[in-house]
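Pasted below: query-v3.cif, mmCIF, C-alpha atoms and all ligand atoms.
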data_data
loop_
_atom_site.group_PDB
_atom_site.id
_atom_site.type_symbol
_atom_site.label_atom_id
_atom_site.label_comp_id
_atom_site.auth_asym_id
_atom_site.auth_seq_id
_atom_site.Cartn_x
_atom_site.Cartn_y
_atom_site.Cartn_z
ATOM 1 C CA MET A 1 0.000 0.000 0.000
ATOM 2 C CA LYS A 2 1.303 3.422 -0.930
ATOM 3 C CA THR A 3 1.599 5.641 2.115
ATOM 4 C CA ILE A 4 0.725 9.230 1.416
ATOM 5 C CA PRO A 5 1.877 11.781 3.960
ATOM 6 C CA LYS A 6 -1.112 13.483 5.565
ATOM 7 C CA HIS A 7 0.808 16.661 6.246
ATOM 8 C CA VAL A 8 3.671 17.975 4.119
ATOM 9 C CA ALA A 9 5.617 21.001 5.394
ATOM 10 C CA ILE A 10 7.919 22.932 3.057
ATOM 11 C CA VAL A 11 10.644 25.535 3.554
ATOM 12 C CA MET A 12 10.484 27.318 0.211
ATOM 13 C CA ASP A 13 14.103 28.437 -0.084
ATOM 14 C CA GLY A 14 16.335 29.696 -2.883
ATOM 15 C CA ASN A 15 14.357 32.532 -4.501
ATOM 16 C CA GLY A 16 17.244 34.977 -4.148
ATOM 17 C CA ARG A 17 19.819 32.598 -5.624
ATOM 18 C CA TRP A 18 17.472 31.753 -8.492
ATOM 19 C CA ALA A 19 17.265 35.466 -9.361
ATOM 20 C CA LYS A 20 21.002 36.019 -8.910
ATOM 21 C CA LYS A 21 21.803 33.227 -11.376
ATOM 22 C CA ARG A 22 19.740 35.106 -13.943
ATOM 23 C CA HIS A 23 21.144 38.540 -13.082
ATOM 24 C CA LEU A 24 17.681 39.588 -11.946
ATOM 25 C CA PRO A 25 16.645 41.483 -8.810
ATOM 26 C CA ARG A 26 15.730 39.275 -5.826
ATOM 27 C CA LEU A 27 12.124 40.368 -6.228
ATOM 28 C CA ALA A 28 11.964 38.471 -9.535
ATOM 29 C CA GLY A 29 12.955 35.348 -7.600
ATOM 30 C CA HIS A 30 10.178 35.889 -5.078
ATOM 31 C CA GLN A 31 7.677 36.430 -7.906
ATOM 32 C CA ALA A 32 8.796 33.189 -9.541
ATOM 33 C CA GLY A 33 8.436 31.636 -6.082
ATOM 34 C CA VAL A 34 4.745 32.540 -6.059
ATOM 35 C CA GLU A 35 4.365 30.683 -9.368
ATOM 36 C CA ALA A 36 5.968 27.640 -7.741
ATOM 37 C CA ILE A 37 3.462 27.882 -4.875
ATOM 38 C CA ARG A 38 0.593 27.726 -7.387
ATOM 39 C CA ARG A 39 2.142 24.619 -8.998
ATOM 40 C CA ILE A 40 2.767 22.804 -5.744
ATOM 41 C CA VAL A 41 -0.656 23.577 -4.261
ATOM 42 C CA LYS A 42 -2.182 22.070 -7.399
ATOM 43 C CA ALA A 43 0.105 19.036 -7.214
ATOM 44 C CA ALA A 44 -0.629 18.512 -3.510
ATOM 45 C CA VAL A 45 -4.387 18.592 -4.176
ATOM 46 C CA ALA A 46 -3.926 16.073 -7.005
ATOM 47 C CA GLU A 47 -1.949 13.805 -4.660
ATOM 48 C CA LYS A 48 -4.663 14.049 -1.995
ATOM 49 C CA ILE A 49 -2.400 15.604 0.621
ATOM 50 C CA ALA A 50 -4.649 16.612 3.537
ATOM 51 C CA VAL A 51 -2.482 19.424 4.908
ATOM 52 C CA LEU A 52 0.207 21.438 3.124
ATOM 53 C CA SER A 53 2.165 23.979 5.098
ATOM 54 C CA LEU A 54 4.470 26.496 3.494
ATOM 55 C CA PHE A 55 7.032 28.614 5.328
ATOM 56 C CA ALA A 56 6.703 32.018 3.666
ATOM 57 C CA PHE A 57 8.337 34.471 6.080
ATOM 58 C CA SER A 58 10.238 33.754 9.273
ATOM 59 C CA THR A 59 10.475 35.892 12.413
ATOM 60 C CA GLU A 60 14.123 36.430 11.405
ATOM 61 C CA ASN A 61 13.354 37.572 7.848
ATOM 62 C CA TRP A 62 12.537 41.090 9.149
ATOM 63 C CA ARG A 63 16.304 41.554 9.442
ATOM 64 C CA ARG A 64 16.696 41.591 5.645
ATOM 65 C CA PRO A 65 17.197 44.936 3.862
ATOM 66 C CA ALA A 66 14.118 47.166 4.155
ATOM 67 C CA GLU A 67 13.460 47.076 0.426
ATOM 68 C CA GLU A 68 13.302 43.283 0.353
ATOM 69 C CA VAL A 69 11.034 43.138 3.422
ATOM 70 C CA SER A 70 8.749 45.686 1.800
ATOM 71 C CA ASN A 71 8.668 43.703 -1.466
ATOM 72 C CA LEU A 72 7.837 40.517 0.430
ATOM 73 C CA MET A 73 5.025 42.255 2.349
ATOM 74 C CA ASN A 74 3.585 43.578 -0.933
ATOM 75 C CA LEU A 75 3.736 40.105 -2.447
ATOM 76 C CA LEU A 76 2.004 38.658 0.607
ATOM 77 C CA LEU A 77 -0.766 41.239 0.383
ATOM 78 C CA THR A 78 -1.255 40.777 -3.371
ATOM 79 C CA ALA A 79 -1.283 37.004 -2.991
ATOM 80 C CA LEU A 80 -3.843 37.207 -0.179
ATOM 81 C CA GLN A 81 -6.072 39.442 -2.277
ATOM 82 C CA SER A 82 -5.745 37.768 -5.669
ATOM 83 C CA GLU A 83 -5.151 34.065 -5.006
ATOM 84 C CA VAL A 84 -7.802 33.435 -2.407
ATOM 85 C CA LYS A 85 -10.718 33.243 -4.829
ATOM 86 C CA LYS A 86 -8.888 30.510 -6.681
ATOM 87 C CA LEU A 87 -8.247 28.629 -3.437
ATOM 88 C CA HIS A 88 -11.924 28.965 -2.569
ATOM 89 C CA LYS A 89 -12.990 27.683 -5.984
ATOM 90 C CA ASN A 90 -10.818 24.633 -5.369
ATOM 91 C CA ASN A 91 -12.415 23.985 -1.967
ATOM 92 C CA ILE A 92 -9.103 24.707 -0.171
ATOM 93 C CA CYS A 93 -9.192 25.954 3.421
ATOM 94 C CA LEU A 94 -6.547 28.602 4.143
ATOM 95 C CA LYS A 95 -5.006 29.084 7.557
ATOM 96 C CA MET A 96 -2.311 31.653 8.302
ATOM 97 C CA ILE A 97 -0.063 30.982 11.292
ATOM 98 C CA GLY A 98 2.439 33.327 12.903
ATOM 99 C CA ASP A 99 2.482 36.569 14.855
ATOM 100 C CA GLN A 100 0.061 38.640 12.822
ATOM 101 C CA GLN A 101 0.470 41.702 15.045
ATOM 102 C CA GLY A 102 3.710 42.327 13.172
ATOM 103 C CA PHE A 103 1.860 42.960 9.914
ATOM 104 C CA SER A 104 0.226 46.144 8.610
ATOM 105 C CA LYS A 105 -3.488 46.618 9.297
ATOM 106 C CA LYS A 106 -4.164 46.003 5.613
ATOM 107 C CA ILE A 107 -2.470 42.591 5.672
ATOM 108 C CA GLN A 108 -4.176 41.689 8.962
ATOM 109 C CA GLU A 109 -7.576 42.509 7.465
ATOM 110 C CA SER A 110 -6.841 40.514 4.309
ATOM 111 C CA ILE A 111 -5.871 37.517 6.444
ATOM 112 C CA ILE A 112 -9.170 37.669 8.348
ATOM 113 C CA LYS A 113 -11.128 37.963 5.092
ATOM 114 C CA ALA A 114 -9.237 35.183 3.321
ATOM 115 C CA GLU A 115 -9.577 32.768 6.245
ATOM 116 C CA ALA A 116 -13.271 33.575 6.635
ATOM 117 C CA LEU A 117 -13.991 33.025 2.939
ATOM 118 C CA THR A 118 -12.386 29.578 2.899
ATOM 119 C CA ALA A 119 -13.184 28.499 6.481
ATOM 120 C CA ASN A 120 -15.897 25.988 5.588
ATOM 121 C CA ASN A 121 -14.071 24.420 2.667
ATOM 122 C CA THR A 122 -13.639 20.689 3.042
ATOM 123 C CA GLY A 123 -10.686 20.094 0.696
ATOM 124 C CA MET A 124 -6.984 20.443 1.394
ATOM 125 C CA LYS A 125 -5.876 22.618 4.290
ATOM 126 C CA LEU A 126 -3.232 25.118 3.247
ATOM 127 C CA ILE A 127 -1.191 26.581 6.087
ATOM 128 C CA ILE A 128 0.915 29.630 5.316
ATOM 129 C CA ALA A 129 3.458 30.356 8.031
ATOM 130 C CA ALA A 130 4.238 34.065 7.918
ATOM 131 C CA ASN A 131 6.036 35.947 10.669
ATOM 132 C CA TYR A 132 6.254 32.457 12.107
ATOM 133 C CA GLY A 133 9.060 30.953 14.134
ATOM 134 C CA GLY A 134 9.134 27.631 15.938
ATOM 135 C CA ARG A 135 10.476 29.375 19.028
ATOM 136 C CA TRP A 136 7.758 32.031 18.834
ATOM 137 C CA ASP A 137 5.155 29.261 18.641
ATOM 138 C CA ILE A 138 6.518 27.419 21.681
ATOM 139 C CA LEU A 139 6.776 30.657 23.674
ATOM 140 C CA GLN A 140 3.262 31.817 22.873
ATOM 141 C CA ALA A 141 1.999 28.356 23.874
ATOM 142 C CA VAL A 142 3.938 28.531 27.153
ATOM 143 C CA LYS A 143 2.407 31.936 27.907
ATOM 144 C CA LYS A 144 -1.110 30.605 27.280
ATOM 145 C CA CYS A 145 -0.419 27.596 29.510
ATOM 146 C CA VAL A 146 0.836 29.846 32.312
ATOM 147 C CA LEU A 147 -2.253 32.022 32.001
ATOM 148 C CA ALA A 148 -4.500 28.939 32.122
ATOM 149 C CA VAL A 149 -2.749 27.850 35.335
ATOM 150 C CA GLN A 150 -2.960 31.346 36.847
ATOM 151 C CA THR A 151 -6.687 31.530 36.138
ATOM 152 C CA GLY A 152 -7.305 28.085 37.577
ATOM 153 C CA HIS A 153 -8.265 26.368 34.305
ATOM 154 C CA LEU A 154 -5.288 24.021 34.442
ATOM 155 C CA THR A 155 -2.851 22.712 37.025
ATOM 156 C CA ALA A 156 0.865 22.495 36.285
ATOM 157 C CA ASP A 157 0.672 18.720 36.755
ATOM 158 C CA GLN A 158 -1.935 18.379 34.035
ATOM 159 C CA ILE A 159 0.343 19.828 31.367
ATOM 160 C CA ASP A 160 1.430 16.962 29.149
ATOM 161 C CA GLU A 161 2.385 16.782 25.453
ATOM 162 C CA THR A 162 -1.230 16.645 24.293
ATOM 163 C CA ILE A 163 -2.357 19.576 26.405
ATOM 164 C CA PHE A 164 0.689 21.634 25.436
ATOM 165 C CA SER A 165 0.122 20.917 21.710
ATOM 166 C CA ASN A 166 -3.359 22.348 22.077
ATOM 167 C CA TYR A 167 -1.824 25.767 22.625
ATOM 168 C CA LEU A 168 0.418 25.662 19.540
ATOM 169 C CA ALA A 169 -0.542 27.485 16.333
ATOM 170 C CA THR A 170 -0.953 24.102 14.645
ATOM 171 C CA VAL A 171 -3.566 22.801 17.100
ATOM 172 C CA GLU A 172 -6.093 21.880 14.408
ATOM 173 C CA PHE A 173 -3.648 19.912 12.292
ATOM 174 C CA PRO A 174 -1.819 16.576 12.444
ATOM 175 C CA GLU A 175 1.952 16.774 12.923
ATOM 176 C CA PRO A 176 3.957 16.985 9.671
ATOM 177 C CA ASP A 177 4.834 13.589 8.195
ATOM 178 C CA LEU A 178 7.189 14.942 5.568
ATOM 179 C CA PHE A 179 9.416 18.032 5.605
ATOM 180 C CA ILE A 180 10.847 19.308 2.336
ATOM 181 C CA ARG A 181 13.500 22.010 2.017
ATOM 182 C CA THR A 182 14.656 23.262 -1.343
ATOM 183 C CA SER A 183 17.925 24.984 -2.341
ATOM 184 C CA GLY A 184 20.382 22.582 -0.742
ATOM 185 C CA GLU A 185 20.317 24.059 2.765
ATOM 186 C CA MET A 186 19.981 21.355 5.396
ATOM 187 C CA ARG A 187 18.490 23.165 8.333
ATOM 188 C CA ILE A 188 15.132 23.930 9.922
ATOM 189 C CA SER A 189 15.685 27.710 10.183
ATOM 190 C CA ASN A 190 13.211 27.986 13.074
ATOM 191 C CA PHE A 191 10.246 26.359 11.261
ATOM 192 C CA PHE A 192 8.240 23.766 13.214
ATOM 193 C CA LEU A 193 10.421 22.811 16.197
ATOM 194 C CA TRP A 194 8.025 20.958 18.478
ATOM 195 C CA GLN A 195 6.036 19.541 15.559
ATOM 196 C CA PHE A 196 9.041 18.017 13.740
ATOM 197 C CA ALA A 197 9.790 15.480 16.506
ATOM 198 C CA TYR A 198 9.109 12.482 14.210
ATOM 199 C CA THR A 199 8.864 14.116 10.788
ATOM 200 C CA GLU A 200 10.760 12.598 7.832
ATOM 201 C CA PHE A 201 13.193 15.070 6.233
ATOM 202 C CA TYR A 202 13.791 15.475 2.499
ATOM 203 C CA PHE A 203 16.317 17.900 1.030
ATOM 204 C CA THR A 204 16.786 18.862 -2.605
ATOM 205 C CA GLU A 205 19.296 21.105 -4.374
ATOM 206 C CA THR A 206 16.512 22.489 -6.590
ATOM 207 C CA LEU A 207 15.812 26.159 -5.946
ATOM 208 C CA TRP A 208 12.215 26.901 -4.945
ATOM 209 C CA PRO A 209 11.219 28.720 -8.182
ATOM 210 C CA ASP A 210 12.310 25.595 -10.125
ATOM 211 C CA PHE A 211 10.476 23.171 -7.833
ATOM 212 C CA ASN A 212 7.728 21.435 -9.775
ATOM 213 C CA GLU A 213 5.264 18.563 -9.688
ATOM 214 C CA LYS A 214 7.905 16.034 -10.729
ATOM 215 C CA GLU A 215 10.195 17.085 -7.874
ATOM 216 C CA PHE A 216 7.287 17.019 -5.456
ATOM 217 C CA LEU A 217 6.411 13.456 -6.511
ATOM 218 C CA LYS A 218 10.063 12.478 -6.002
ATOM 219 C CA ALA A 219 9.848 13.691 -2.415
ATOM 220 C CA LEU A 220 6.588 11.779 -1.872
ATOM 221 C CA THR A 221 8.153 8.626 -3.315
ATOM 222 C CA SER A 222 11.123 8.992 -0.992
ATOM 223 C CA PHE A 223 8.665 9.232 1.899
ATOM 224 C CA THR A 224 6.915 5.995 0.899
ATOM 225 C CA GLN A 225 10.258 4.189 1.118
ATOM 226 C CA ARG A 226 10.989 5.230 4.675
ATOM 227 C CA GLU A 227 10.336 3.079 7.681
ATOM 228 C CA ARG A 228 8.965 5.182 10.486
ATOM 229 C CA ARG A 229 9.441 3.610 13.869
ATOM 230 C CA PHE A 230 8.560 6.378 16.336
ATOM 231 C CA GLY A 231 11.076 4.963 18.785
ATOM 232 C CA LEU A 232 9.591 1.472 18.658
ATOM 233 C CA THR A 233 10.898 -1.688 17.003
ATOM 234 C CA ASP A 234 9.730 -2.534 13.494
ATOM 235 C CA LYS A 235 7.537 -5.444 14.694
ATOM 236 C CA ILE A 236 5.236 -3.480 16.965
ATOM 237 C CA LYS A 237 5.022 -0.108 15.293
ATOM 238 C CA GLU A 238 2.115 -0.991 12.972
ATOM 239 C CA GLY A 239 -1.127 0.526 14.119
ATOM 240 C CA SER A 240 0.509 2.062 17.162
ATOM 241 C CA ARG A 241 0.204 5.588 15.846
ATOM 242 C CA ALA A 242 -2.455 7.198 13.718
HETATM 243 C C1 LIG B 301 13.092 32.067 0.300
HETATM 244 O O1 LIG B 301 14.078 32.480 -0.576
HETATM 245 C C2 LIG B 301 12.036 33.118 0.528
HETATM 246 C C3 LIG B 301 12.072 33.767 1.854
HETATM 247 C C4 LIG B 301 12.871 33.467 2.822
HETATM 248 C C5 LIG B 301 11.123 34.818 2.071
HETATM 249 P P1 LIG B 301 15.309 33.343 -0.106
HETATM 250 O O2 LIG B 301 14.952 34.796 -0.245
HETATM 251 O O3 LIG B 301 15.754 32.948 1.240
HETATM 252 O O4 LIG B 301 16.387 32.967 -1.197
HETATM 253 P P2 LIG B 301 17.937 32.699 -0.965
HETATM 254 O O5 LIG B 301 18.055 31.727 0.156
HETATM 255 O O6 LIG B 301 18.548 34.012 -0.637
HETATM 256 O O7 LIG B 301 18.401 32.151 -2.265
HETATM 257 C C1 LIG B 302 13.796 30.095 5.849
HETATM 258 O O1 LIG B 302 14.600 30.537 4.823
HETATM 259 C C2 LIG B 302 12.554 30.910 5.939
HETATM 260 C C3 LIG B 302 11.640 30.852 4.800
HETATM 261 C C4 LIG B 302 11.763 30.129 3.722
HETATM 262 C C5 LIG B 302 10.488 31.687 4.928
HETATM 263 P P1 LIG B 302 15.823 31.527 5.091
HETATM 264 O O2 LIG B 302 16.464 31.771 3.777
HETATM 265 O O3 LIG B 302 15.353 32.710 5.845
HETATM 266 O O4 LIG B 302 16.758 30.664 6.051
HETATM 267 P P2 LIG B 302 18.317 30.772 6.338
HETATM 268 O O5 LIG B 302 18.600 32.197 6.684
HETATM 269 O O6 LIG B 302 19.044 30.359 5.101
HETATM 270 O O7 LIG B 302 18.556 29.817 7.461
HETATM 271 MG MG MG B 303 17.092 31.608 1.922
#
Please lay out the structure from this file as structure tokens.
Ligand code: IPE
Ligand code: IPE
Ligand code: MG
Amino acid sequence: MKTIPKHVAIVMDGNGRWAKKRHLPRLAGHQAGVEAIRRIVKAAVAEKIAVLSLFAFSTENWRRPAEEVSNLMNLLLTALQSEVKKLHKNNICLKMIGDQQGFSKKIQESIIKAEALTANNTGMKLIIAANYGGRWDILQAVKKCVLAVQTGHLTADQIDETIFSNYLATVEFPEPDLFIRTSGEMRISNFFLWQFAYTEFYFTETLWPDFNEKEFLKALTSFTQRERRFGLTDKIKEGSRA
């Protein structure tokens, strides 16, 4: 039986290098990156992936030159305004995760609108992580836990992995089964830290704007060949984890 990952999480990296190779401004790389997002969303739907999460902007990316940050914010806003109808038409449910207080009012409003429009869609769930960091996520969860204890809704003893996960930004979603990072970098760069505990990792040299359906299928095939043991032995792992 072919095992399809339920949740695929991708660090879309290499836009800048793609542009540099072509003597183009970095913005051209980010624009080509949006094209790649369209392709991969389509491919993920075709492959019946339940949840696709894409790392679009990290909490550290604010440290880039102001012009690049501004270009990325404009792209995010345009994408939110122009792509959402298409997502809706395809029955995709959009969820943005990250610290949205960092965004302009205009972006914050577009996020609310986009999520509301697609909220009842029953197809693939598309998570866009923007102004997201794994450390931010863990910290905001810790703060909520502390508050729940202070207000008497929880005791410190009750906090276990399940309860803690309920405070993470990914509460509604299964943990990622497959992590893909493009552009040859082999690091997490502060994406899902808690959630990656048992995720399978796949790295490719392909730059994100060149990433296509064929490459995506290659990653899925690699996943099907892995043996996931979750700390158990191969004999007893079957059926032990959903
Ligand atoms: C990924 O491409 C997009 C974002 C981080 C927003 P990069 O912009 O990091 O491209 P490289 O890594 O410089 O090639
Ligand atoms: C990770 O890529 C963040 C996103 C793709 C949004 P970076 O390009 O920011 O990561 P580093 O700096 O190479 O680790
Ligand atoms: Mg990069």
Item to check | At most 7 Å from ligand LIG 302 (chain B) (all atoms listed in the file): residue list as a PyMOL selection string | outcome: chain A and resi 11-14+55-58+60-61+185+187+189
Next on the checklist: Running the PyMOL selection byres (((chain A and resi 28) around 12) and not hetatm) on this model by hand, what would come out? Give it as a ChimeraX atom specification.
Outcome noted: /A:14-27,29-35,68,71-72,75,209
Checklist entry - When distances are computed from only C-alpha atoms, which of A:Ala148, A:Ser165, A:Phe216, A:Phe230 shows the smallest separation from Ala197 in chain A? => result A:Phe230
If the PyMOL selection byres (((chain A and resi 115-117) around 8) and not hetatm) is run on the structure shown, which residues does it catch, given as a PDB file with C-alpha atoms, keeping the file's coordinate frame?
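File result.pdb, as written:
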ATOM      1  CA  HIS A  88     -11.924  28.965  -2.569  1.00  0.00           C
ATOM      2  CA  CYS A  93      -9.192  25.954   3.421  1.00  0.00           C
ATOM      3  CA  LEU A  94      -6.547  28.602   4.143  1.00  0.00           C
ATOM      4  CA  LYS A  95      -5.006  29.084   7.557  1.00  0.00           C
ATOM      5  CA  MET A  96      -2.311  31.653   8.302  1.00  0.00           C
ATOM      6  CA  ILE A 111      -5.871  37.517   6.444  1.00  0.00           C
ATOM      7  CA  ILE A 112      -9.170  37.669   8.348  1.00  0.00           C
ATOM      8  CA  LYS A 113     -11.128  37.963   5.092  1.00  0.00           C
ATOM      9  CA  ALA A 114      -9.237  35.183   3.321  1.00  0.00           C
ATOM     10  CA  THR A 118     -12.386  29.578   2.899  1.00  0.00           C
ATOM     11  CA  ALA A 119     -13.184  28.499   6.481  1.00  0.00           C
ATOM     12  CA  ASN A 120     -15.897  25.988   5.588  1.00  0.00           C
TER      13      ASN A 120
END
Checklist entry - At what distance in Å, to one decimal, does CA of Arg39 in chain A lie from atom P2 of ligand LIG 301 (chain B)? => result 19.5 Å
Checklist entry - Please, what distance in Å, to one decimal, runs between atom O1 of ligand LIG 301 (chain B) and CA of Val8 in chain A? => result 18.5 Å
Please write out, as lines of an AutoDock Vina configuration file, where the centre of an axis-aligned box around all listed atoms of range 174-189 of chain A lies and how long its edges are, in Å to one decimal, after adding 8 Å on each side.
center_x = 9.3
center_y = 20.6
center_z = 5.3
size_x = 38.2
size_y = 30.1
size_z = 31.3
Just so the selection is clear, what residues does the PyMOL selection byres (((chain A and resi 168) around 12) and not hetatm) cover here, as a PDB file with C-alpha atoms, keeping the file's coordinate frame?
ATOM      1  CA  ILE A  97      -0.063  30.982  11.292  1.00  0.00           C
ATOM      2  CA  GLY A  98       2.439  33.327  12.903  1.00  0.00           C
ATOM      3  CA  TYR A 132       6.254  32.457  12.107  1.00  0.00           C
ATOM      4  CA  GLY A 133       9.060  30.953  14.134  1.00  0.00           C
ATOM      5  CA  GLY A 134       9.134  27.631  15.938  1.00  0.00           C
ATOM      6  CA  ARG A 135      10.476  29.375  19.028  1.00  0.00           C
ATOM      7  CA  TRP A 136       7.758  32.031  18.834  1.00  0.00           C
ATOM      8  CA  ASP A 137       5.155  29.261  18.641  1.00  0.00           C
ATOM      9  CA  ILE A 138       6.518  27.419  21.681  1.00  0.00           C
ATOM     10  CA  LEU A 139       6.776  30.657  23.674  1.00  0.00           C
ATOM     11  CA  GLN A 140       3.262  31.817  22.873  1.00  0.00           C
ATOM     12  CA  ALA A 141       1.999  28.356  23.874  1.00  0.00           C
ATOM     13  CA  VAL A 142       3.938  28.531  27.153  1.00  0.00           C
ATOM     14  CA  LYS A 143       2.407  31.936  27.907  1.00  0.00           C
ATOM     15  CA  LYS A 144      -1.110  30.605  27.280  1.00  0.00           C
ATOM     16  CA  CYS A 145      -0.419  27.596  29.510  1.00  0.00           C
ATOM     17  CA  GLU A 161       2.385  16.782  25.453  1.00  0.00           C
ATOM     18  CA  THR A 162      -1.230  16.645  24.293  1.00  0.00           C
ATOM     19  CA  ILE A 163      -2.357  19.576  26.405  1.00  0.00           C
ATOM     20  CA  PHE A 164       0.689  21.634  25.436  1.00  0.00           C
ATOM     21  CA  SER A 165       0.122  20.917  21.710  1.00  0.00           C
ATOM     22  CA  ASN A 166      -3.359  22.348  22.077  1.00  0.00           C
ATOM     23  CA  TYR A 167      -1.824  25.767  22.625  1.00  0.00           C
ATOM     24  CA  ALA A 169      -0.542  27.485  16.333  1.00  0.00           C
ATOM     25  CA  THR A 170      -0.953  24.102  14.645  1.00  0.00           C
ATOM     26  CA  VAL A 171      -3.566  22.801  17.100  1.00  0.00           C
ATOM     27  CA  GLU A 172      -6.093  21.880  14.408  1.00  0.00           C
ATOM     28  CA  PHE A 173      -3.648  19.912  12.292  1.00  0.00           C
ATOM     29  CA  PRO A 174      -1.819  16.576  12.444  1.00  0.00           C
ATOM     30  CA  GLU A 175       1.952  16.774  12.923  1.00  0.00           C
ATOM     31  CA  PHE A 192       8.240  23.766  13.214  1.00  0.00           C
ATOM     32  CA  LEU A 193      10.421  22.811  16.197  1.00  0.00           C
ATOM     33  CA  TRP A 194       8.025  20.958  18.478  1.00  0.00           C
ATOM     34  CA  GLN A 195       6.036  19.541  15.559  1.00  0.00           C
TER      35      GLN A 195
END
Checklist outcome for this item: Taken to one decimal, the CA of Ile188 in chain A-CA of Asn74 in chain A distance is 25.2 Å
Checklist entry - Which of these, A:Ala9, A:Ile37, A:Ala43, A:Met73, has the shortest distance to Thr199 in chain A once you count only C-alpha atoms? => result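 Of the candidates, the smallest distance to Thr199 in chain A is held by A:Ala9.
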Next on the checklist: Which polymer residues, whether protein, DNA or RNA, lie within 12 Å of the coordinate (-4.1, 14.6, 0.8) when you count only C-alpha atoms? List them as a ChimeraX atom specification, using the chain letters and numbers from the file.
Outcome noted: /A:3-8,41-52,92,122-126,177,220
Item to check | Residue with smallest distance to ligand LIG 301 (chain B) - pool A:Phe191, A:Phe196, A:Tyr202, A:Trp208, counting only C-alpha atoms and all ligand atoms | outcome: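 That would be A:Trp208, the residue with the smallest distance to ligand LIG 301 (chain B).
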Next on the checklist: I need the residue nearest ligand LIG 301 (chain B) from this list: A:Leu77, A:Leu207, A:Leu232, A:Ile180. Use all atoms listed in the file for the distance.
Outcome noted: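 With all atoms listed in the file as the atom set, the closest residue is A:Leu207.
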Item to check | A:Gln108, A:Thr182, A:Asn212, A:Thr224 ranked by distance to ligand MG 303 (chain B), top pick (using only C-alpha atoms and all ligand atoms) | outcome: A:Thr182
Could you add the missing atoms to range 43-54 of chain A, up to N, CA, C and O atoms, and return them as an mmCIF file, keeping the file's coordinate frame?
data_model
loop_
_atom_site.group_PDB
_atom_site.id
_atom_site.type_symbol
_atom_site.label_atom_id
_atom_site.label_comp_id
_atom_site.auth_asym_id
_atom_site.auth_seq_id
_atom_site.Cartn_x
_atom_site.Cartn_y
_atom_site.Cartn_z
ATOM 1 N N ALA A 43 -0.430 20.398 -7.277
ATOM 2 C CA ALA A 43 0.105 19.036 -7.214
ATOM 3 C C ALA A 43 -0.304 18.351 -5.911
ATOM 4 O O ALA A 43 -0.643 17.166 -5.892
ATOM 5 N N ALA A 44 -0.289 19.096 -4.814
ATOM 6 C CA ALA A 44 -0.629 18.512 -3.510
ATOM 7 C C ALA A 44 -2.105 18.115 -3.489
ATOM 8 O O ALA A 44 -2.458 17.057 -2.945
ATOM 9 N N VAL A 45 -2.956 18.932 -4.096
ATOM 10 C CA VAL A 45 -4.387 18.592 -4.176
ATOM 11 C C VAL A 45 -4.534 17.307 -4.996
ATOM 12 O O VAL A 45 -5.234 16.373 -4.592
ATOM 13 N N ALA A 46 -3.839 17.252 -6.127
ATOM 14 C CA ALA A 46 -3.926 16.073 -7.005
ATOM 15 C C ALA A 46 -3.459 14.815 -6.279
ATOM 16 O O ALA A 46 -3.982 13.721 -6.507
ATOM 17 N N GLU A 47 -2.485 14.961 -5.398
ATOM 18 C CA GLU A 47 -1.949 13.805 -4.660
ATOM 19 C C GLU A 47 -2.728 13.503 -3.381
ATOM 20 O O GLU A 47 -2.333 12.657 -2.598
ATOM 21 N N LYS A 48 -3.791 14.249 -3.166
ATOM 22 C CA LYS A 48 -4.663 14.049 -1.995
ATOM 23 C C LYS A 48 -3.944 14.254 -0.665
ATOM 24 O O LYS A 48 -4.173 13.537 0.327
ATOM 25 N N ILE A 49 -3.055 15.216 -0.629
ATOM 26 C CA ILE A 49 -2.400 15.604 0.621
ATOM 27 C C ILE A 49 -3.461 16.350 1.449
ATOM 28 O O ILE A 49 -4.153 17.220 0.933
ATOM 29 N N ALA A 50 -3.595 15.985 2.717
ATOM 30 C CA ALA A 50 -4.649 16.612 3.537
ATOM 31 C C ALA A 50 -4.239 18.009 4.000
ATOM 32 O O ALA A 50 -5.058 18.929 4.030
ATOM 33 N N VAL A 51 -2.965 18.137 4.396
ATOM 34 C CA VAL A 51 -2.482 19.424 4.908
ATOM 35 C C VAL A 51 -1.139 19.761 4.253
ATOM 36 O O VAL A 51 -0.212 18.945 4.259
ATOM 37 N N LEU A 52 -1.058 20.969 3.696
ATOM 38 C CA LEU A 52 0.207 21.438 3.124
ATOM 39 C C LEU A 52 0.588 22.710 3.850
ATOM 40 O O LEU A 52 -0.194 23.667 3.895
ATOM 41 N N SER A 53 1.777 22.713 4.474
ATOM 42 C CA SER A 53 2.165 23.979 5.098
ATOM 43 C C SER A 53 3.429 24.529 4.458
ATOM 44 O O SER A 53 4.375 23.794 4.168
ATOM 45 N N LEU A 54 3.398 25.822 4.206
ATOM 46 C CA LEU A 54 4.470 26.496 3.494
ATOM 47 C C LEU A 54 5.046 27.607 4.362
ATOM 48 O O LEU A 54 4.298 28.446 4.877
#
